[in-house]
>>> print(open('structure22.cif').read())   # mmCIF, C-alpha atoms (C1' of nucleotides)
data_my_file
#
loop_
_atom_site.group_PDB
_atom_site.id
_atom_site.type_symbol
_atom_site.label_atom_id
_atom_site.label_comp_id
_atom_site.auth_asym_id
_atom_site.auth_seq_id
_atom_site.Cartn_x
_atom_site.Cartn_y
_atom_site.Cartn_z
ATOM 1 C CA MET A 1 -1.071 -22.239 -21.579
ATOM 2 C CA ARG A 2 -1.301 -18.549 -20.809
ATOM 3 C CA ILE A 3 -2.493 -16.790 -17.707
ATOM 4 C CA GLY A 4 -6.042 -16.199 -18.939
ATOM 5 C CA ASP A 5 -6.543 -19.857 -19.791
ATOM 6 C CA LEU A 6 -5.108 -20.962 -16.486
ATOM 7 C CA ALA A 7 -7.332 -18.560 -14.586
ATOM 8 C CA ALA A 8 -10.432 -19.699 -16.474
ATOM 9 C CA GLU A 9 -9.658 -23.391 -16.011
ATOM 10 C CA ALA A 10 -8.900 -23.004 -12.328
ATOM 11 C CA GLY A 11 -11.835 -20.675 -11.683
ATOM 12 C CA VAL A 12 -9.926 -17.648 -10.407
ATOM 13 C CA THR A 13 -9.055 -14.216 -11.800
ATOM 14 C CA VAL A 14 -5.893 -13.328 -13.649
ATOM 15 C CA LYS A 15 -5.144 -10.971 -10.798
ATOM 16 C CA ALA A 16 -5.293 -13.789 -8.280
ATOM 17 C CA VAL A 17 -2.880 -15.905 -10.337
ATOM 18 C CA ARG A 18 -0.357 -13.083 -10.375
ATOM 19 C CA TYR A 19 -0.816 -12.664 -6.653
ATOM 20 C CA TYR A 20 -0.116 -16.355 -6.013
ATOM 21 C CA GLU A 21 3.056 -15.967 -8.037
ATOM 22 C CA SER A 22 4.113 -12.953 -5.956
ATOM 23 C CA GLN A 23 3.655 -15.184 -2.909
ATOM 24 C CA GLY A 24 5.978 -17.794 -4.364
ATOM 25 C CA LEU A 25 3.305 -20.405 -5.083
ATOM 26 C CA LEU A 26 3.853 -20.448 -8.855
ATOM 27 C CA LYS A 27 6.947 -19.996 -11.000
ATOM 28 C CA PRO A 28 5.793 -19.972 -14.616
ATOM 29 C CA ARG A 29 8.180 -20.039 -17.576
ATOM 30 C CA ARG A 30 8.142 -16.958 -19.782
ATOM 31 C CA GLU A 31 7.528 -17.000 -23.515
ATOM 32 C CA ALA A 32 9.811 -14.979 -25.807
ATOM 33 C CA ASN A 33 7.328 -12.100 -25.676
ATOM 34 C CA GLY A 34 7.306 -12.041 -21.876
ATOM 35 C CA TYR A 35 3.970 -13.807 -21.413
ATOM 36 C CA ARG A 36 3.779 -16.297 -18.554
ATOM 37 C CA ALA A 37 3.523 -19.938 -19.646
ATOM 38 C CA TYR A 38 1.827 -22.491 -17.376
ATOM 39 C CA SER A 39 1.744 -26.282 -17.267
ATOM 40 C CA ALA A 40 -1.245 -28.543 -16.657
ATOM 41 C CA GLU A 41 0.075 -29.118 -13.133
ATOM 42 C CA ASP A 42 -0.281 -25.413 -12.425
ATOM 43 C CA VAL A 43 -4.029 -25.703 -12.937
ATOM 44 C CA ILE A 44 -4.136 -28.289 -10.145
ATOM 45 C CA VAL A 45 -1.996 -26.075 -7.943
ATOM 46 C CA VAL A 46 -4.170 -23.013 -8.442
ATOM 47 C CA ARG A 47 -7.340 -25.010 -7.777
ATOM 48 C CA GLU A 48 -5.772 -26.283 -4.574
ATOM 49 C CA VAL A 49 -4.709 -22.806 -3.464
ATOM 50 C CA LYS A 50 -8.169 -21.478 -4.176
ATOM 51 C CA ALA A 51 -9.763 -24.265 -2.137
ATOM 52 C CA LEU A 52 -7.378 -23.737 0.777
ATOM 53 C CA LEU A 53 -7.856 -19.981 0.827
ATOM 54 C CA SER A 54 -11.613 -20.510 0.907
ATOM 55 C CA LEU A 55 -10.999 -22.582 4.057
ATOM 56 C CA GLY A 56 -9.454 -19.508 5.606
ATOM 57 C CA LEU A 57 -5.806 -20.449 5.327
ATOM 58 C CA THR A 58 -3.387 -17.695 4.395
ATOM 59 C CA ALA A 59 -1.397 -17.912 1.173
ATOM 60 C CA GLU A 60 1.650 -18.719 3.243
ATOM 61 C CA GLN A 61 -0.112 -21.570 4.990
ATOM 62 C CA THR A 62 -0.856 -23.233 1.659
ATOM 63 C CA TYR A 63 2.861 -23.818 1.144
ATOM 64 C CA PRO A 64 3.024 -27.342 2.642
ATOM 65 C CA PHE A 65 0.088 -28.446 0.515
ATOM 66 C CA ILE A 66 1.659 -27.212 -2.701
ATOM 67 C CA GLU A 67 4.962 -28.815 -1.803
ATOM 68 C CA CYS A 68 3.096 -32.039 -1.197
ATOM 69 C CA LEU A 69 1.574 -31.839 -4.677
ATOM 70 C CA ARG A 70 4.846 -30.988 -6.357
ATOM 71 C CA ALA A 71 6.461 -33.923 -4.561
ATOM 72 C CA GLY A 72 4.366 -36.134 -6.808
ATOM 73 C CA ASN A 73 1.376 -36.874 -4.594
ATOM 74 C CA ASP A 74 -2.078 -37.113 -6.125
ATOM 75 C CA ARG A 75 -3.551 -35.235 -3.222
ATOM 76 C CA ALA A 76 -2.144 -32.135 -1.549
ATOM 77 C CA ASP A 77 -3.308 -33.126 1.908
ATOM 78 C CA VAL A 78 -1.790 -36.543 2.436
ATOM 79 C CA CYS A 79 1.577 -35.306 3.681
ATOM 80 C CA PRO A 80 2.132 -34.964 7.436
ATOM 81 C CA ALA A 81 2.672 -31.212 7.156
ATOM 82 C CA SER A 82 -0.729 -30.869 5.502
ATOM 83 C CA LEU A 83 -2.441 -32.753 8.294
ATOM 84 C CA THR A 84 -0.715 -30.496 10.801
ATOM 85 C CA ALA A 85 -1.911 -27.451 8.880
ATOM 86 C CA TYR A 86 -5.480 -28.770 8.886
ATOM 87 C CA ARG A 87 -5.362 -29.334 12.626
ATOM 88 C CA ALA A 88 -3.921 -25.880 13.243
ATOM 89 C CA ARG A 89 -6.671 -24.311 11.171
ATOM 90 C CA ILE A 90 -9.365 -26.283 12.995
ATOM 91 C CA ALA A 91 -7.983 -25.098 16.330
ATOM 92 C CA GLU A 92 -7.971 -21.533 15.017
ATOM 93 C CA VAL A 93 -11.606 -21.816 13.896
ATOM 94 C CA ASP A 94 -12.597 -23.247 17.269
ATOM 95 C CA ARG A 95 -10.891 -20.373 19.038
ATOM 96 C CA ARG A 96 -12.599 -17.877 16.774
ATOM 97 C CA ILE A 97 -16.018 -19.420 17.307
ATOM 98 C CA ALA A 98 -15.520 -19.262 21.075
ATOM 99 C CA GLU A 99 -14.525 -15.598 20.824
ATOM 100 C CA LEU A 100 -17.558 -14.773 18.744
ATOM 101 C CA ALA A 101 -19.878 -16.657 21.079
ATOM 102 C CA GLU A 102 -18.554 -14.608 23.976
ATOM 103 C CA LEU A 103 -18.904 -11.436 21.943
ATOM 104 C CA ARG A 104 -22.463 -12.362 21.056
ATOM 105 C CA ILE A 105 -23.344 -12.570 24.735
ATOM 106 C CA LYS A 106 -21.763 -9.210 25.452
ATOM 107 C CA LEU A 107 -23.648 -7.583 22.593
ATOM 108 C CA ALA A 108 -26.964 -9.110 23.628
ATOM 109 C CA ASP A 109 -26.415 -7.886 27.200
ATOM 110 C CA LEU A 110 -25.589 -4.396 26.013
ATOM 111 C CA LEU A 111 -28.653 -4.325 23.801
ATOM 112 C CA THR A 112 -30.941 -5.495 26.594
ATOM 113 C CA ASP A 113 -29.421 -2.946 28.923
ATOM 114 C CA ALA A 114 -29.906 -0.091 26.500
ATOM 115 C CA GLU A 115 -33.477 -1.147 25.745
ATOM 116 C CA ASN A 116 -34.363 -1.307 29.414
ATOM 117 C CA TRP A 117 -32.829 2.053 30.092
ATOM 118 C CA ARG A 118 -35.108 3.537 27.455
ATOM 119 C CA THR A 119 -38.166 1.772 28.832
ATOM 120 C CA ASN A 120 -37.526 3.056 32.357
ATOM 121 C CA ARG A 121 -37.334 6.703 31.402
ATOM 122 C CA MET B 1 -5.355 18.332 27.220
ATOM 123 C CA ARG B 2 -2.946 17.034 24.644
ATOM 124 C CA ILE B 3 -3.004 13.868 22.603
ATOM 125 C CA GLY B 4 -0.723 11.896 24.911
ATOM 126 C CA ASP B 5 -2.852 12.655 27.967
ATOM 127 C CA LEU B 6 -6.026 11.810 26.108
ATOM 128 C CA ALA B 7 -4.578 8.534 24.855
ATOM 129 C CA ALA B 8 -3.372 7.571 28.345
ATOM 130 C CA GLU B 9 -6.684 8.464 29.982
ATOM 131 C CA ALA B 10 -8.727 6.633 27.397
ATOM 132 C CA GLY B 11 -6.428 3.638 27.266
ATOM 133 C CA VAL B 12 -5.463 3.799 23.597
ATOM 134 C CA THR B 13 -2.344 4.758 21.651
ATOM 135 C CA VAL B 14 -1.610 8.192 20.262
ATOM 136 C CA LYS B 15 -1.693 6.616 16.838
ATOM 137 C CA ALA B 16 -5.204 5.335 17.417
ATOM 138 C CA VAL B 17 -6.412 8.805 18.426
ATOM 139 C CA ARG B 18 -5.047 10.289 15.229
ATOM 140 C CA TYR B 19 -6.707 7.493 13.297
ATOM 141 C CA TYR B 20 -10.090 8.214 14.898
ATOM 142 C CA GLU B 21 -9.648 11.830 13.890
ATOM 143 C CA SER B 22 -8.881 10.809 10.308
ATOM 144 C CA GLN B 23 -12.170 8.901 10.387
ATOM 145 C CA GLY B 24 -14.059 12.004 11.465
ATOM 146 C CA LEU B 25 -14.781 10.863 15.033
ATOM 147 C CA LEU B 26 -12.824 13.678 16.697
ATOM 148 C CA LYS B 27 -12.255 17.298 15.750
ATOM 149 C CA PRO B 28 -9.763 18.708 18.247
ATOM 150 C CA ARG B 29 -8.876 22.386 18.449
ATOM 151 C CA ARG B 30 -5.284 23.268 17.658
ATOM 152 C CA GLU B 31 -2.998 25.184 19.953
ATOM 153 C CA ALA B 32 -0.895 27.975 18.530
ATOM 154 C CA ASN B 33 2.013 25.583 18.070
ATOM 155 C CA GLY B 34 -0.098 23.135 16.095
ATOM 156 C CA TYR B 35 -0.653 20.628 18.909
ATOM 157 C CA ARG B 36 -4.088 19.055 19.136
ATOM 158 C CA ALA B 37 -6.155 20.176 22.151
ATOM 159 C CA TYR B 38 -8.848 17.888 23.574
ATOM 160 C CA SER B 39 -11.746 18.360 25.956
ATOM 161 C CA ALA B 40 -12.849 16.076 28.779
ATOM 162 C CA GLU B 41 -15.718 14.931 26.585
ATOM 163 C CA ASP B 42 -13.229 13.614 24.061
ATOM 164 C CA VAL B 43 -11.968 11.144 26.656
ATOM 165 C CA ILE B 44 -15.471 9.702 26.891
ATOM 166 C CA VAL B 45 -15.741 9.582 23.131
ATOM 167 C CA VAL B 46 -12.443 7.768 22.707
ATOM 168 C CA ARG B 47 -13.316 5.258 25.424
ATOM 169 C CA GLU B 48 -16.615 4.613 23.684
ATOM 170 C CA VAL B 49 -14.956 4.169 20.293
ATOM 171 C CA LYS B 50 -12.450 1.789 21.806
ATOM 172 C CA ALA B 51 -15.199 -0.280 23.397
ATOM 173 C CA LEU B 52 -17.217 -0.405 20.194
ATOM 174 C CA LEU B 53 -14.241 -1.381 18.071
ATOM 175 C CA SER B 54 -13.519 -4.211 20.498
ATOM 176 C CA LEU B 55 -17.063 -5.411 19.820
ATOM 177 C CA GLY B 56 -16.115 -5.718 16.172
ATOM 178 C CA LEU B 57 -17.823 -2.601 14.837
ATOM 179 C CA THR B 58 -15.949 -0.604 12.209
ATOM 180 C CA ALA B 59 -14.915 2.970 12.922
ATOM 181 C CA GLU B 60 -17.667 4.108 10.569
ATOM 182 C CA GLN B 61 -20.270 2.109 12.464
ATOM 183 C CA THR B 62 -19.413 3.924 15.695
ATOM 184 C CA TYR B 63 -20.745 7.155 14.216
ATOM 185 C CA PRO B 64 -24.324 6.893 15.550
ATOM 186 C CA PHE B 65 -23.018 6.187 19.056
ATOM 187 C CA ILE B 66 -20.741 9.213 19.041
ATOM 188 C CA GLU B 67 -23.517 11.402 17.712
ATOM 189 C CA CYS B 68 -25.716 10.103 20.512
ATOM 190 C CA LEU B 69 -23.097 11.132 23.061
ATOM 191 C CA ARG B 70 -22.558 14.541 21.521
ATOM 192 C CA ALA B 71 -26.307 15.074 21.530
ATOM 193 C CA GLY B 72 -26.033 15.269 25.302
ATOM 194 C CA ASN B 73 -26.900 11.733 26.315
ATOM 195 C CA ASP B 74 -25.109 10.115 29.241
ATOM 196 C CA ARG B 75 -24.869 6.859 27.356
ATOM 197 C CA ALA B 76 -23.929 6.381 23.721
ATOM 198 C CA ASP B 77 -26.267 3.462 23.204
ATOM 199 C CA VAL B 78 -29.630 4.815 24.233
ATOM 200 C CA CYS B 79 -30.468 6.374 20.867
ATOM 201 C CA PRO B 80 -32.558 4.381 18.380
ATOM 202 C CA ALA B 81 -29.724 4.378 15.849
ATOM 203 C CA SER B 82 -27.428 2.798 18.419
ATOM 204 C CA LEU B 83 -29.896 0.018 19.128
ATOM 205 C CA THR B 84 -30.158 -0.609 15.409
ATOM 206 C CA ALA B 85 -26.381 -0.779 15.165
ATOM 207 C CA TYR B 86 -26.248 -3.300 18.035
ATOM 208 C CA ARG B 87 -28.836 -5.471 16.362
ATOM 209 C CA ALA B 88 -27.027 -5.322 13.039
ATOM 210 C CA ARG B 89 -23.780 -6.331 14.698
ATOM 211 C CA ILE B 90 -25.452 -9.227 16.512
ATOM 212 C CA ALA B 91 -26.884 -10.466 13.228
ATOM 213 C CA GLU B 92 -23.442 -10.175 11.674
ATOM 214 C CA VAL B 93 -21.866 -12.180 14.501
ATOM 215 C CA ASP B 94 -24.540 -14.854 14.186
ATOM 216 C CA ARG B 95 -23.903 -15.117 10.471
ATOM 217 C CA ARG B 96 -20.183 -15.357 11.057
ATOM 218 C CA ILE B 97 -20.571 -18.062 13.689
ATOM 219 C CA ALA B 98 -22.737 -20.084 11.320
ATOM 220 C CA GLU B 99 -20.140 -19.729 8.565
ATOM 221 C CA LEU B 100 -17.358 -20.835 10.860
ATOM 222 C CA ALA B 101 -19.359 -23.791 12.140
ATOM 223 C CA GLU B 102 -19.874 -24.938 8.554
ATOM 224 C CA LEU B 103 -16.211 -24.401 7.827
ATOM 225 C CA ARG B 104 -15.280 -26.406 10.890
ATOM 226 C CA ILE B 105 -17.238 -29.365 9.599
ATOM 227 C CA LYS B 106 -15.610 -29.130 6.191
ATOM 228 C CA LEU B 107 -12.141 -29.004 7.724
ATOM 229 C CA ALA B 108 -12.823 -31.941 10.036
ATOM 230 C CA ASP B 109 -14.116 -33.971 7.083
ATOM 231 C CA LEU B 110 -11.055 -33.143 5.031
ATOM 232 C CA LEU B 111 -8.767 -34.090 7.884
ATOM 233 C CA THR B 112 -10.535 -37.408 8.463
ATOM 234 C CA ASP B 113 -10.401 -38.120 4.753
ATOM 235 C CA ALA B 114 -6.705 -37.405 4.492
ATOM 236 C CA GLU B 115 -5.957 -39.453 7.606
ATOM 237 C CA ASN B 116 -7.899 -42.443 6.276
ATOM 238 C CA TRP B 117 -6.210 -42.194 2.944
ATOM 239 C CA ARG B 118 -2.862 -42.501 4.682
ATOM 240 C CA THR B 119 -3.999 -45.410 6.829
ATOM 241 C CA ASN B 120 -5.225 -47.359 3.802
ATOM 242 C CA ARG B 121 -2.003 -47.156 1.899
ATOM 243 C "C1'" DC C 1 -1.511 -4.002 -44.907
ATOM 244 C "C1'" DT C 2 -4.504 -2.373 -41.624
ATOM 245 C "C1'" DT C 3 -8.109 -2.408 -38.443
ATOM 246 C "C1'" DG C 4 -10.253 -3.975 -34.335
ATOM 247 C "C1'" DA C 5 -11.072 -7.256 -30.666
ATOM 248 C "C1'" DC C 6 -8.871 -9.426 -27.191
ATOM 249 C "C1'" DC C 7 -4.875 -10.618 -24.370
ATOM 250 C "C1'" DT C 8 -0.787 -9.606 -21.524
ATOM 251 C "C1'" DT C 9 2.593 -6.795 -19.159
ATOM 252 C "C1'" DG C 10 4.000 -3.877 -15.093
ATOM 253 C "C1'" DA C 11 2.686 -0.132 -12.116
ATOM 254 C "C1'" DC C 12 -0.136 2.482 -9.145
ATOM 255 C "C1'" DC C 13 -3.978 3.290 -5.535
ATOM 256 C "C1'" DC C 14 -7.540 1.096 -2.357
ATOM 257 C "C1'" DT C 15 -9.339 -1.796 1.612
ATOM 258 C "C1'" DG C 16 -9.233 -1.551 8.283
ATOM 259 C "C1'" DG C 17 -7.116 -0.282 12.248
ATOM 260 C "C1'" DG C 18 -3.526 1.054 13.218
ATOM 261 C "C1'" DG C 19 2.318 -0.154 13.995
ATOM 262 C "C1'" DG C 20 6.727 1.487 13.051
ATOM 263 C "C1'" DC C 21 9.978 4.703 11.522
ATOM 264 C "C1'" DA C 22 12.030 9.219 9.753
ATOM 265 C "C1'" DG C 23 12.940 13.806 10.396
ATOM 266 C "C1'" DG C 24 11.706 17.488 12.185
ATOM 267 C "C1'" DG C 25 9.728 21.235 16.083
ATOM 268 C "C1'" DT C 26 8.292 22.086 21.232
ATOM 269 C "C1'" DT C 27 8.186 21.727 26.031
ATOM 270 C "C1'" DT C 28 9.700 20.668 30.531
ATOM 271 C "C1'" DA C 29 12.882 19.182 34.200
ATOM 272 C "C1'" DG C 30 17.392 19.213 35.999
ATOM 273 C "C1'" DC D 1 22.037 24.720 28.447
ATOM 274 C "C1'" DT D 2 20.919 20.311 27.500
ATOM 275 C "C1'" DA D 3 18.578 16.053 27.440
ATOM 276 C "C1'" DA D 4 14.388 13.625 27.742
ATOM 277 C "C1'" DA D 5 9.937 13.498 26.631
ATOM 278 C "C1'" DC D 6 6.501 15.066 23.882
ATOM 279 C "C1'" DC D 7 4.274 16.600 19.455
ATOM 280 C "C1'" DC D 8 3.910 17.246 14.290
ATOM 281 C "C1'" DT D 9 3.448 15.341 9.272
ATOM 282 C "C1'" DG D 10 4.313 11.891 6.110
ATOM 283 C "C1'" DC D 11 5.642 7.451 4.382
ATOM 284 C "C1'" DC D 12 5.629 2.216 4.127
ATOM 285 C "C1'" DC D 13 3.654 -2.207 6.062
ATOM 286 C "C1'" DC D 14 -0.001 -5.811 6.968
ATOM 287 C "C1'" DC D 15 -3.852 -9.433 3.703
ATOM 288 C "C1'" DA D 16 -5.771 -11.141 -0.653
ATOM 289 C "C1'" DG D 17 -6.417 -9.404 -4.055
ATOM 290 C "C1'" DG D 18 -9.873 -5.496 -6.968
ATOM 291 C "C1'" DG D 19 -9.831 -1.574 -10.035
ATOM 292 C "C1'" DT D 20 -7.774 1.029 -13.416
ATOM 293 C "C1'" DC D 21 -4.176 2.573 -16.417
ATOM 294 C "C1'" DA D 22 -0.857 2.906 -20.447
ATOM 295 C "C1'" DA D 23 1.694 0.331 -23.332
ATOM 296 C "C1'" DG D 24 2.470 -3.402 -26.203
ATOM 297 C "C1'" DG D 25 1.482 -8.347 -28.263
ATOM 298 C "C1'" DT D 26 -1.645 -11.682 -30.992
ATOM 299 C "C1'" DC D 27 -4.844 -13.122 -34.181
ATOM 300 C "C1'" DA D 28 -8.568 -13.013 -37.210
ATOM 301 C "C1'" DA D 29 -11.330 -10.586 -40.923
ATOM 302 C "C1'" DG D 30 -11.374 -7.345 -44.525
#
>>> encode(input="structure22.cif", output="structure tokens")
Amino acid sequence: MRIGDLAAEAGVTVKAVRYYESQGLLKPRREANGYRAYSAEDVIVVREVKALLSLGLTAEQTYPFIECLRAGNDRADVCPASLTAYRARIAEVDRRIAELAELRIKLADLLTDAENWRTNR
Amino acid sequence: MRIGDLAAEAGVTVKAVRYYESQGLLKPRREANGYRAYSAEDVIVVREVKALLSLGLTAEQTYPFIECLRAGNDRADVCPASLTAYRARIAEVDRRIAELAELRIKLADLLTDAENWRTNR
DNA sequence: CTTGACCTTGACCCTGGGGGCAGGGTTTAG
DNA sequence: CTAAACCCTGCCCCCAGGGTCAAGGTCAAG
């Protein structure tokens, strides 16, 4: 299949597929005319990458999952490296939430302060 | 004062100062040799920009605050537009926290799922 | 055979807030 | 006089692509 078909089946843009390739996540054959040729497995891979990116992983961090798939597993997340990646991402999200909660307090304080200053003038 | 002094006094890098200028937040005079010349007020402005950026505002969103300062106010956040900007940022942070909380649940579910799958094999 | 619709290719510029580096000119201290 | 420290502009880099372009390929209808 060609890039447009792959993109449509996996639910991403052609541009995204080419980007994944530039990141080393896909290595399509080339037809005689230079067009990229994809396998059915590539559809699974692209769907997986899309799902992982939507979870906030970077393209690089999807590597272990794709390797896991290519190693013949039905699921990309059953390999130890995938579990580690999940845990790392969860820790990252927790850290980020804590940061934002702190920031929220700061902002609320600043707002209150500024409002009061106006009231007392 | 020159860019290095300004940067040191405001606690930012020279590069950052030039970036703020490129975003229209500073308009320094030029000395005869081409060097940028800053006023004492610019130190206040840069400190304010730095503080606002650390709160997650974009350079563009600091505009109302800087205008407020330049209008002669002692504080950058006592103008109505600044209060509005604070409130918008708080709403943004709240939205982001909610997104991350949802994401956290998804990730934890995926992890549990993958772990169980391994256990049951 | 040609036209037109659609697909694909690579290449370039853009995002935000700068970091890093190159290759100059200027200033200041010793 | 010279070296260090400073300043200038301009370019490439990050991340995950989006937008747009010119050029060429493919496939059907006429």
>>> interface_residues(input="structure22.cif", of="chain A", to="chain B", cutoff="12 Å", atoms="all atoms listed in the file", output="PyMOL selection string")
chain A and resi 51-57+65+73-121
>>> residues_around(input="structure22.cif", residues="region 6-23 of chain A", least_positions_apart="3", cutoff="6 Å", atoms="all atoms listed in the file", output="compact mmCIF listing (two decimals) with C-alpha atoms, in the coordinates of the input")
# COMPACT_ATOMS: atom_id res chain seq x y z
CA ILE A 3 -2.49 -16.79 -17.71
CA LEU A 26 3.85 -20.45 -8.86
CA VAL A 43 -4.03 -25.70 -12.94
CA ARG A 47 -7.34 -25.01 -7.78
>>> resolve_selection(input="structure22.cif", expression="the PyMOL selection byres ((chain C) within 10 of (chain A))", output="list in words")
DC7, DT8 and DT9 of chain C
>>> resolve_selection(input="structure22.cif", expression="the PyMOL selection byres ((chain D) within 12 of (chain A))", output="list in words")
DC15, DA16, DG17, DG18, DG19, DG24, DG25 and DT26 of chain D
>>> resolve_selection(input="structure22.cif", expression="the PyMOL selection byres ((chain C and resi 12) around 12)", output="number ranges by chain")
C: 10-11, 13-14; D: 19-22
>>> residues_around(input="structure22.cif", residues="DT27 (chain C)", least_positions_apart="2", cutoff="12 Å", atoms="only C-alpha atoms (C1' of nucleotides)", output="list in words")
Asn33 and Tyr35 of chain B; DG25 and DA29 of chain C; DA3, DA4, DA5, DC6 and DC7 of chain D
>>> atom_distance(input="structure22.cif", atom1="CA of Leu69 (chain B)", atom2="CA of Asp5 (chain B)")
20.9 Å
>>> build_atoms(input="structure22.cif", residues="region 26-45 of chain B", atoms="N, CA and C atoms", output="short mmCIF file (atom, residue, chain, number, x, y, z; two decimals), in the coordinates of the input")
data_model
loop_
_atom_site.label_atom_id
_atom_site.label_comp_id
_atom_site.auth_asym_id
_atom_site.auth_seq_id
_atom_site.Cartn_x
_atom_site.Cartn_y
_atom_site.Cartn_z
N LEU B 26 -13.30 12.63 15.79
CA LEU B 26 -12.82 13.68 16.70
C LEU B 26 -12.45 14.90 15.87
N LYS B 27 -12.68 16.08 16.44
CA LYS B 27 -12.26 17.30 15.75
C LYS B 27 -11.61 18.25 16.75
N PRO B 28 -10.41 17.91 17.20
CA PRO B 28 -9.76 18.71 18.25
C PRO B 28 -9.39 20.11 17.77
N ARG B 29 -9.43 21.06 18.69
CA ARG B 29 -8.88 22.39 18.45
C ARG B 29 -7.39 22.22 18.23
N ARG B 30 -6.75 23.29 17.74
CA ARG B 30 -5.28 23.27 17.66
C ARG B 30 -4.73 24.40 18.50
N GLU B 31 -3.69 24.12 19.23
CA GLU B 31 -3.00 25.18 19.95
C GLU B 31 -2.20 26.00 18.95
N ALA B 32 -1.64 27.09 19.42
CA ALA B 32 -0.90 27.98 18.53
C ALA B 32 0.29 27.26 17.88
N ASN B 33 0.85 26.31 18.60
CA ASN B 33 2.01 25.58 18.07
C ASN B 33 1.63 24.41 17.17
N GLY B 34 0.34 24.22 16.97
CA GLY B 34 -0.10 23.14 16.10
C GLY B 34 -0.52 21.88 16.84
N TYR B 35 -0.28 21.81 18.13
CA TYR B 35 -0.65 20.63 18.91
C TYR B 35 -2.17 20.52 19.01
N ARG B 36 -2.65 19.28 18.98
CA ARG B 36 -4.09 19.06 19.14
C ARG B 36 -4.50 19.27 20.59
N ALA B 37 -5.66 19.92 20.80
CA ALA B 37 -6.16 20.18 22.15
C ALA B 37 -7.52 19.51 22.32
N TYR B 38 -7.63 18.67 23.36
CA TYR B 38 -8.85 17.89 23.57
C TYR B 38 -9.61 18.31 24.82
N SER B 39 -10.90 18.08 24.80
CA SER B 39 -11.75 18.36 25.96
C SER B 39 -11.95 17.08 26.77
N ALA B 40 -12.56 17.23 27.93
CA ALA B 40 -12.85 16.08 28.78
C ALA B 40 -13.84 15.15 28.08
N GLU B 41 -14.73 15.75 27.30
CA GLU B 41 -15.72 14.93 26.58
C GLU B 41 -15.03 13.99 25.60
N ASP B 42 -13.93 14.45 25.03
CA ASP B 42 -13.23 13.61 24.06
C ASP B 42 -12.73 12.31 24.69
N VAL B 43 -12.40 12.37 25.97
CA VAL B 43 -11.97 11.14 26.66
C VAL B 43 -13.09 10.12 26.62
N ILE B 44 -14.29 10.58 26.92
CA ILE B 44 -15.47 9.70 26.89
C ILE B 44 -15.66 9.13 25.50
N VAL B 45 -15.54 10.01 24.52
CA VAL B 45 -15.74 9.58 23.13
C VAL B 45 -14.73 8.50 22.76
#
